[in-house]
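Read through the structure below, which is laid out as structure tokens, and then see the notes.
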Amino acid sequence: MAITAVDLCSKALLLIGANAIQSFQDGSRESDVCASIYETVRDTLLANRLWAFTLEQLNLAQLNEEPLRDWKYAYALPSDVIRVKKVSNSKDFEIVKGKLYSNNREVSIDCQKTVDVAEMPAYFQTALISELASKLSVSLLGDNSKYQLFSNLAQRDLINARIADCQNRPNPKWGEDSFWITVARW
């Protein structure tokens, strides 16, 4: 059985000593608070860094509309794109209101996208649960000491998630000129 956003919120609720929820619409105060903060907390945590599991390469579809100002072409960015890391065919581009403008006829991008809970690795789910717990402890319990405790836990889990995520990328290659300061000295 795949994990869901409700499952993550329920785990965060149980961490702070509150009742688990069955859905975001079950009528409880817990479900109302979770429904109102989940997407914002998730998106904020995802935008915190370029997580390896959120990166994707896309070819953009050209729009049949007049581009802005000096641009020749307009392209639609998918709604789940958090940020564009690189535009492969162009160094000169502009992003305005979910559209990418360029002078290139074809554009492909390296981007970060929002992902479904089932696609999130366990290390990120753990960090998200802790972050949710810190927010829920204030909203539901009004307990500043529990907020501090869960905020510290969330920071630790976020650091651990970053370390785990970095292990999914190769180390940079060091060339002869990588240590230019020692070369310049000799």
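Scheme for the structure tokens: letters A, B, ... for chains in order shown; per-chain residue numbers from 1; ligand numbers from 1 in order shown.
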At a cut-off of 10 Å, using only C-alpha atoms, what residues contact A:Ser10? Leave out same-chain residues fewer than 5 positions from it and give the result as a list in words. Thr4, Ala5, Leu15, Ala18, Asn19, Ala20, Ile21, Gln22, Ser23, Glu30, Ser31, Cys34, Ile129, Leu132 and Ala133 of chain A
Let me see the file: selected residues, N, CA and C atoms, as a tab-separated table (two decimals), in the first residue's frame.
chain	number	residue	atom	x	y	z
A	4	THR	N	0.50	8.01	1.68
A	4	THR	CA	-0.21	9.19	1.19
A	4	THR	C	0.14	10.41	2.05
A	5	ALA	N	-0.31	11.57	1.59
A	5	ALA	CA	-0.12	12.80	2.36
A	5	ALA	C	-0.83	12.69	3.71
A	15	LEU	N	3.27	12.01	16.50
A	15	LEU	CA	4.51	12.47	17.14
A	15	LEU	C	4.26	13.52	18.22
A	18	ALA	N	-1.16	14.00	19.29
A	18	ALA	CA	-2.53	14.27	18.85
A	18	ALA	C	-3.11	13.01	18.19
A	19	ASN	N	-4.37	13.08	17.81
A	19	ASN	CA	-5.03	11.94	17.16
A	19	ASN	C	-4.70	11.91	15.67
A	20	ALA	N	-4.55	10.70	15.13
A	20	ALA	CA	-4.33	10.53	13.70
A	20	ALA	C	-5.62	10.88	12.95
A	21	ILE	N	-5.49	11.13	11.65
A	21	ILE	CA	-6.65	11.46	10.83
A	21	ILE	C	-6.84	10.38	9.77
A	22	GLN	N	-8.06	10.28	9.26
A	22	GLN	CA	-8.39	9.32	8.22
A	22	GLN	C	-8.39	9.97	6.83
A	23	SER	N	-8.65	11.29	6.81
A	23	SER	CA	-8.65	12.04	5.56
A	23	SER	C	-8.49	13.51	5.92
A	30	GLU	N	-7.77	18.44	13.72
A	30	GLU	CA	-6.49	17.96	13.19
A	30	GLU	C	-6.50	17.90	11.67
A	31	SER	N	-7.59	17.36	11.10
A	31	SER	CA	-7.64	17.24	9.64
A	31	SER	C	-7.75	18.62	8.98
A	34	CYS	N	-4.20	20.13	9.16
A	34	CYS	CA	-3.33	19.42	8.21
A	34	CYS	C	-3.65	19.79	6.77
A	129	ILE	N	7.76	14.88	7.82
A	129	ILE	CA	6.97	14.55	9.02
A	129	ILE	C	7.42	15.42	10.19
A	132	LEU	N	6.26	19.00	9.65
A	132	LEU	CA	4.83	19.08	9.93
A	132	LEU	C	4.56	19.05	11.43
A	133	ALA	N	5.27	18.19	12.15
A	133	ALA	CA	5.09	18.08	13.61
A	133	ALA	C	5.41	19.41	14.29
Show me, as a PyMOL selection string, the residues that have an atom within 12 Å of A:Arg156 when counting only C-alpha atoms, minus same-chain residues fewer than 6 positions from it. chain A and resi 123-124+126-128+130-131+149-150+162-163
Write the residues you've just listed into a file as a PDB file, in the first residue's frame, and include C-alpha atoms for each of them.
ATOM      1  CA  TYR A 123      14.765  10.345   4.191  1.00  0.00           C
ATOM      2  CA  PHE A 124      12.644  13.179   2.766  1.00  0.00           C
ATOM      3  CA  THR A 126      11.061  11.743   7.634  1.00  0.00           C
ATOM      4  CA  ALA A 127      12.130  15.383   7.292  1.00  0.00           C
ATOM      5  CA  LEU A 128       8.640  16.346   6.096  1.00  0.00           C
ATOM      6  CA  SER A 130       9.231  16.371  11.488  1.00  0.00           C
ATOM      7  CA  GLU A 131       8.566  19.726   9.838  1.00  0.00           C
ATOM      8  CA  LEU A 149      11.679  20.296  20.398  1.00  0.00           C
ATOM      9  CA  PHE A 150      10.108  19.447  17.035  1.00  0.00           C
ATOM     10  CA  ARG A 162      20.454  16.538   2.610  1.00  0.00           C
ATOM     11  CA  ILE A 163      23.352  14.185   3.372  1.00  0.00           C
TER      12      ILE A 163
END
List as a ChimeraX atom specification the protein and nucleic acid residues near stretch 75-86 of chain A, meaning an atom at most 10 Å away when only C-alpha atoms are counted, but skip any in the same chain fewer than 4 places from it. /A:43-44,46-47,50,54-65,67,90-91,95-102,105-115
Could you write those residues out with N, CA and C atoms, as a compact mmCIF listing (two decimals), in the first residue's frame?
# COMPACT_ATOMS: atom_id res chain seq x y z
N ASP A 43 5.81 22.05 -0.15
CA ASP A 43 6.42 22.83 -1.22
C ASP A 43 7.60 23.65 -0.72
N THR A 44 7.50 24.17 0.50
CA THR A 44 8.61 24.93 1.08
C THR A 44 9.82 24.03 1.28
N LEU A 46 10.46 21.19 -0.32
CA LEU A 46 10.97 20.80 -1.64
C LEU A 46 11.80 21.92 -2.26
N ALA A 47 11.35 23.16 -2.11
CA ALA A 47 12.06 24.30 -2.71
C ALA A 47 13.33 24.66 -1.94
N LEU A 50 17.76 21.64 -4.39
CA LEU A 50 17.52 20.84 -5.60
C LEU A 50 17.66 19.37 -5.22
N THR A 54 13.71 15.08 -7.31
CA THR A 54 12.75 16.00 -7.92
C THR A 54 13.22 16.53 -9.28
N LEU A 55 14.42 16.16 -9.70
CA LEU A 55 15.00 16.71 -10.92
C LEU A 55 14.54 15.94 -12.15
N GLU A 56 14.28 16.68 -13.21
CA GLU A 56 13.80 16.08 -14.44
C GLU A 56 14.21 16.93 -15.64
N GLN A 57 14.34 16.30 -16.79
CA GLN A 57 14.61 17.01 -18.04
C GLN A 57 13.34 17.00 -18.88
N LEU A 58 12.99 18.16 -19.42
CA LEU A 58 11.76 18.28 -20.20
C LEU A 58 12.01 19.06 -21.48
N ASN A 59 11.31 18.69 -22.54
CA ASN A 59 11.25 19.50 -23.75
C ASN A 59 9.97 20.31 -23.64
N LEU A 60 10.08 21.61 -23.80
CA LEU A 60 8.91 22.47 -23.63
C LEU A 60 8.15 22.64 -24.93
N ALA A 61 6.84 22.76 -24.80
CA ALA A 61 5.97 22.99 -25.96
C ALA A 61 5.88 24.48 -26.23
N GLN A 62 6.09 24.83 -27.50
CA GLN A 62 6.02 26.23 -27.90
C GLN A 62 4.56 26.68 -27.93
N LEU A 63 4.31 27.88 -27.42
CA LEU A 63 2.96 28.43 -27.41
C LEU A 63 2.70 29.22 -28.69
N ASN A 64 1.46 29.23 -29.13
CA ASN A 64 1.06 30.03 -30.29
C ASN A 64 0.52 31.37 -29.82
N GLU A 65 1.40 32.17 -29.24
CA GLU A 65 1.00 33.49 -28.77
C GLU A 65 2.17 34.45 -28.93
N PRO A 67 5.09 36.53 -27.94
CA PRO A 67 5.97 36.57 -26.77
C PRO A 67 6.18 37.98 -26.23
N SER A 90 19.78 27.46 -24.46
CA SER A 90 19.80 28.92 -24.41
C SER A 90 20.36 29.43 -23.09
N LYS A 91 21.25 30.39 -23.19
CA LYS A 91 21.74 31.04 -21.97
C LYS A 91 20.92 32.30 -21.69
N ILE A 95 11.68 33.97 -17.40
CA ILE A 95 10.50 33.27 -16.94
C ILE A 95 9.56 34.28 -16.30
N VAL A 96 8.33 34.33 -16.82
CA VAL A 96 7.31 35.24 -16.30
C VAL A 96 5.98 34.50 -16.25
N LYS A 97 5.38 34.45 -15.07
CA LYS A 97 4.04 33.88 -14.87
C LYS A 97 3.87 32.50 -15.52
N GLY A 98 4.78 31.59 -15.22
CA GLY A 98 4.65 30.22 -15.69
C GLY A 98 4.98 30.00 -17.16
N LYS A 99 5.60 30.99 -17.78
CA LYS A 99 6.01 30.86 -19.18
C LYS A 99 7.49 31.20 -19.30
N LEU A 100 8.17 30.47 -20.17
CA LEU A 100 9.57 30.73 -20.45
C LEU A 100 9.66 31.38 -21.82
N TYR A 101 10.41 32.47 -21.89
CA TYR A 101 10.60 33.20 -23.15
C TYR A 101 12.05 33.07 -23.58
N SER A 102 12.24 32.82 -24.88
CA SER A 102 13.59 32.62 -25.41
C SER A 102 13.59 32.99 -26.89
N ARG A 105 14.17 28.32 -31.11
CA ARG A 105 12.98 27.65 -31.62
C ARG A 105 12.61 26.42 -30.79
N GLU A 106 13.60 25.72 -30.26
CA GLU A 106 13.36 24.54 -29.40
C GLU A 106 14.06 24.76 -28.08
N VAL A 107 13.36 24.43 -26.99
CA VAL A 107 13.92 24.62 -25.66
C VAL A 107 13.67 23.38 -24.82
N SER A 108 14.75 22.92 -24.17
CA SER A 108 14.62 21.86 -23.18
C SER A 108 15.21 22.38 -21.87
N ILE A 109 14.66 21.91 -20.77
CA ILE A 109 15.09 22.42 -19.47
C ILE A 109 15.44 21.29 -18.52
N ASP A 110 16.34 21.59 -17.60
CA ASP A 110 16.57 20.76 -16.42
C ASP A 110 15.83 21.50 -15.31
N CYS A 111 14.91 20.83 -14.65
CA CYS A 111 14.07 21.53 -13.68
C CYS A 111 13.81 20.68 -12.44
N GLN A 112 13.28 21.34 -11.46
CA GLN A 112 12.85 20.68 -10.23
C GLN A 112 11.33 20.68 -10.24
N LYS A 113 10.73 19.51 -9.97
CA LYS A 113 9.28 19.38 -10.01
C LYS A 113 8.75 18.90 -8.66
N THR A 114 7.51 19.27 -8.37
CA THR A 114 6.82 18.71 -7.21
C THR A 114 6.56 17.24 -7.50
N VAL A 115 6.75 16.41 -6.49
CA VAL A 115 6.55 14.97 -6.67
C VAL A 115 5.47 14.46 -5.73
Go through A:Gln125, A:Ser28, A:Ser134, A:Gln167 one by one, measure the shortest atom-to-atom distance of each to A:Leu153 using only C-alpha atoms, and give the residue with the smallest value. A:Ser134
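Of the listed residues (A:Asp157, A:Val117, A:Ala2, A:Lys135), A:Lys135 comes nearest to A:Ser36; the distances count only C-alpha atoms.
Here atom CA of A:Arg29 and atom CA of A:Leu141 stand 11.2 Å from one another.
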Hey, what does DSSP flag as strand (DSSP E or B) within stretch 54-185 of chain A? Can you give it to me as a tab-separated table (two decimals) with C-alpha atoms, in the first residue's frame?
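That gives us part-v7.tsv:
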chain	number	residue	atom	x	y	z
A	55	LEU	CA	15.00	16.71	-10.92
A	56	GLU	CA	13.80	16.08	-14.44
A	57	GLN	CA	14.61	17.01	-18.04
A	58	LEU	CA	11.76	18.28	-20.20
A	59	ASN	CA	11.25	19.50	-23.75
A	62	GLN	CA	6.02	26.23	-27.90
A	73	TYR	CA	9.21	32.40	-28.72
A	74	ALA	CA	7.09	31.58	-25.67
A	75	TYR	CA	6.93	28.19	-23.94
A	76	ALA	CA	4.57	26.87	-21.27
A	81	VAL	CA	7.76	22.91	-11.98
A	82	ILE	CA	9.20	24.45	-8.82
A	83	ARG	CA	12.21	26.02	-10.51
A	84	VAL	CA	14.25	25.84	-13.68
A	85	LYS	CA	17.84	24.79	-13.04
A	86	LYS	CA	19.14	25.09	-16.60
A	87	VAL	CA	17.89	25.85	-20.10
A	93	PHE	CA	15.84	33.45	-21.38
A	94	GLU	CA	13.21	34.89	-19.06
A	95	ILE	CA	10.50	33.27	-16.94
A	96	VAL	CA	7.31	35.24	-16.30
A	99	LYS	CA	6.01	30.86	-19.18
A	100	LEU	CA	9.57	30.73	-20.45
A	101	TYR	CA	10.60	33.20	-23.15
A	102	SER	CA	13.59	32.62	-25.41
A	108	SER	CA	14.62	21.86	-23.18
A	109	ILE	CA	15.09	22.42	-19.47
A	110	ASP	CA	16.57	20.76	-16.42
A	111	CYS	CA	14.07	21.53	-13.68
A	112	GLN	CA	12.85	20.68	-10.23
A	113	LYS	CA	9.28	19.38	-10.01
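Across A:Leu136, A:Gln148, A:Ala161, A:Trp51, the tightest approach to A:Leu14 is made by A:Leu136 when counting only C-alpha atoms.
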